[in-house]
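Each remark here refers to the structure printed beneath this line.
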Amino acid sequence: MKVRIISGAVAVALLVLVLYLHQTIVFPICIAVISTIAIFELFRAKSCLRYRISFYAALLHSISSPILQFFHLNNIVQIIMTVVVMIIFLDGVVQHKRLKMDQVCFMLVSALFVTKSLGLLQVLLQSDERFGLIYVILALCAAWIADTGAYFTGTFLGKHKLCPEVSPKKTVEGFIGGITATIVVFFVFSLIYGAVSEVKVRYGWVILIAAACAVTSVLGDLTASILKRQCSIKDFGNIMPGHGGVMDRFDSALFTVPVFYVLNTLFSIYHTV
């Protein structure tokens with residue numbers, strides 16, 4: 001537990017530093033690093049690292065996309081993404097005797113989903129000069145707030161299993177507790193932020209986004225759990241002692257970030273008076 005707390009504290013400190021430097025190239029570089037490590041962990045879990053052409057193509061996408069987005073070179077991002085997709089399919093054709101199509105599809109989804117999902121943090125940041133950083137923090141923290149709320153609620157009140165064959169420790173009570181915690185934190189934060197910053201808040205939309213993010217965070221966690229079970233691994237990595245790998249910490253965030261982005265794009269939860 002001590003190692004887990006220390007590791008978590010270091011991670012939080014690094015996150016705060018990166019957010020402080022959000023207007024510099026440090027932010028997209030951090031996204032690129034996290035995306036690259038996550039893709040490495042996924043490829044390793046599925047025994048796809050040996051397919052080097054596809055692996056290097058995926059890394060090219062994960063490293064270049066956030067940095068190119070930082071410089072508003074979105075057209076080049078789309079070109080690279082298209083090339084990467086073609087390379088992975090071509091690799092599947094060339095190595096069809098040992099590379100199965102399900103692995104090709106897995107590599108393709110991993111390369112695109114991880115990079116695009118985390119890349120939306122850069123899009124959120126640049127989408128609104130005043131509220132961009134707040135949106136990034138909320139999109140990321142939604143997953144961790146829901147997880148923390150579910151853990152404590154499930155520990156003290158949990159009786160009914162949510163999905164025992166996939167994640168035996170998850171309970172219905174914990175699931176509800178995670179949603180409630182996310183709504184409460186989002187609402188209270190918005191209430192305070194709206195008061196001190198003199199901005200208008202769509203509180204109903206805040207509640208809806210918080211609930212949607214909390215639900216999808218569980219979907220992300222369960223999806224990762226299924227993958228780990230099918231690959232017969234406990235954690236995706238050990239880069240964070242006591243926490244596992246990058247995918248073990250960002251599996252839920254990969255789902256909450258796109259959901260937050262889509263809903264907040266429809267109607268921004270904050271706007272000037």
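Naming works like this for the structure tokens: A, B, ... for the chains as they're shown, residue 1 at the start of each chain, ligands 1 onward in shown order.
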- Task: Do a neighbour search on range 66-74 of chain A at 7 Å with only C-alpha atoms, toss out local chain neighbours closer than 3 positions, and write the hits as a list in words.
- Result: Pro28, Ile29, Ile31, Ala32, Ile63, Val77, Gln78, Gly119 and Gln122 of chain A
- Among range 2-251 of chain A, which ones does DSSP place in strand (DSSP E), written as number ranges by chain? A: 161-163, 167-171, 199-201
- Task: Pick out the residues sitting within 9 Å of Ile209 in chain A, and hand them over as a ChimeraX atom specification; count only C-alpha atoms, and ignore anything fewer than 6 positions along from it in its own chain.
- Result: /A:183,186,259-260,263-264,269
- So, counting only C-alpha atoms, which residue among A:Leu219, A:Leu59, A:Ile5, A:Met107 is closest to Leu162 in chain A?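 Of all the options, A:Leu219 lies closest to Leu162 in chain A.
Residue nearest Ile39 in chain A within the list A:Phe250, A:Tyr20, A:Tyr203, A:Trp144: A:Phe250 [criterion: smallest interatomic distance, only C-alpha atoms].
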- Message: Restricting the calculation to only C-alpha atoms: of A:Ala9, A:Leu254, A:Val18, A:Leu222, which residue gets closest to Leu133 in chain A?
- Response: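 For Leu133 in chain A, the nearest of the given residues is A:Val18.
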- Message: Which residues are close to Glu173 in chain A, i.e. within 9 Å by only C-alpha atoms, leaving aside same-chain residues fewer than 4 positions away? Reply as a list in words.
- Response: Ala150, Thr153, Gly154, Leu157, Gly158, Lys159, His160, Lys161, Leu162, Gly177 and Gly178 of chain A
Got time to write the residues from that selection, C-alpha atoms, as a PDB file, in the first residue's frame?
ATOM      1  CA  ALA A 150     -17.188   3.013  -6.800  1.00  0.00           C
ATOM      2  CA  THR A 153     -19.117   2.599  -1.968  1.00  0.00           C
ATOM      3  CA  GLY A 154     -18.554  -0.994  -3.012  1.00  0.00           C
ATOM      4  CA  LEU A 157     -22.114  -1.085   0.906  1.00  0.00           C
ATOM      5  CA  GLY A 158     -21.484  -3.526  -1.920  1.00  0.00           C
ATOM      6  CA  LYS A 159     -23.676  -6.660  -1.902  1.00  0.00           C
ATOM      7  CA  HIS A 160     -24.793  -7.341  -5.452  1.00  0.00           C
ATOM      8  CA  LYS A 161     -22.181  -8.289  -8.054  1.00  0.00           C
ATOM      9  CA  LEU A 162     -22.190  -6.160 -11.201  1.00  0.00           C
ATOM     10  CA  GLY A 177     -21.755   5.179  -5.976  1.00  0.00           C
ATOM     11  CA  GLY A 178     -19.299   5.974  -8.775  1.00  0.00           C
TER      12      GLY A 178
END
- Query: Hey, which of A:Asp102, A:Ser65, A:Ala58, A:Met86 ends up closest to Leu120 in chain A? Count only C-alpha atoms.
  - Reply: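 Comparing A:Asp102, A:Ser65, A:Ala58, A:Met86 against Leu120 in chain A, the winner is A:Ser65.
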- Item | Within 8 Å of range 210-218 of chain A using only C-alpha atoms, minus same-chain residues under 3 positions, as a PyMOL selection string | chain A and resi 139+142-143+146-147+175+178-180+182-183+186+206-207+221-222+252-253+255-257+259-260
- Query: as a count of residues only, which residues of range 106-268 of chain A does DSSP assign to alpha helix (DSSP H)?
  - Reply: 121
- Query: Near Leu17 in chain A, counting only C-alpha atoms, which residues have an atom at most 12 Å away, once you skip same-chain residues fewer than 6 positions from it, shown as a PyMOL selection string?
  - Reply: chain A and resi 10-11+23-24+26-27+30
- d(CA of Ile37 in chain A, CA of Gln103 in chain A) in Å: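 Between CA of Ile37 in chain A and CA of Gln103 in chain A the gap is 18.6 Å.
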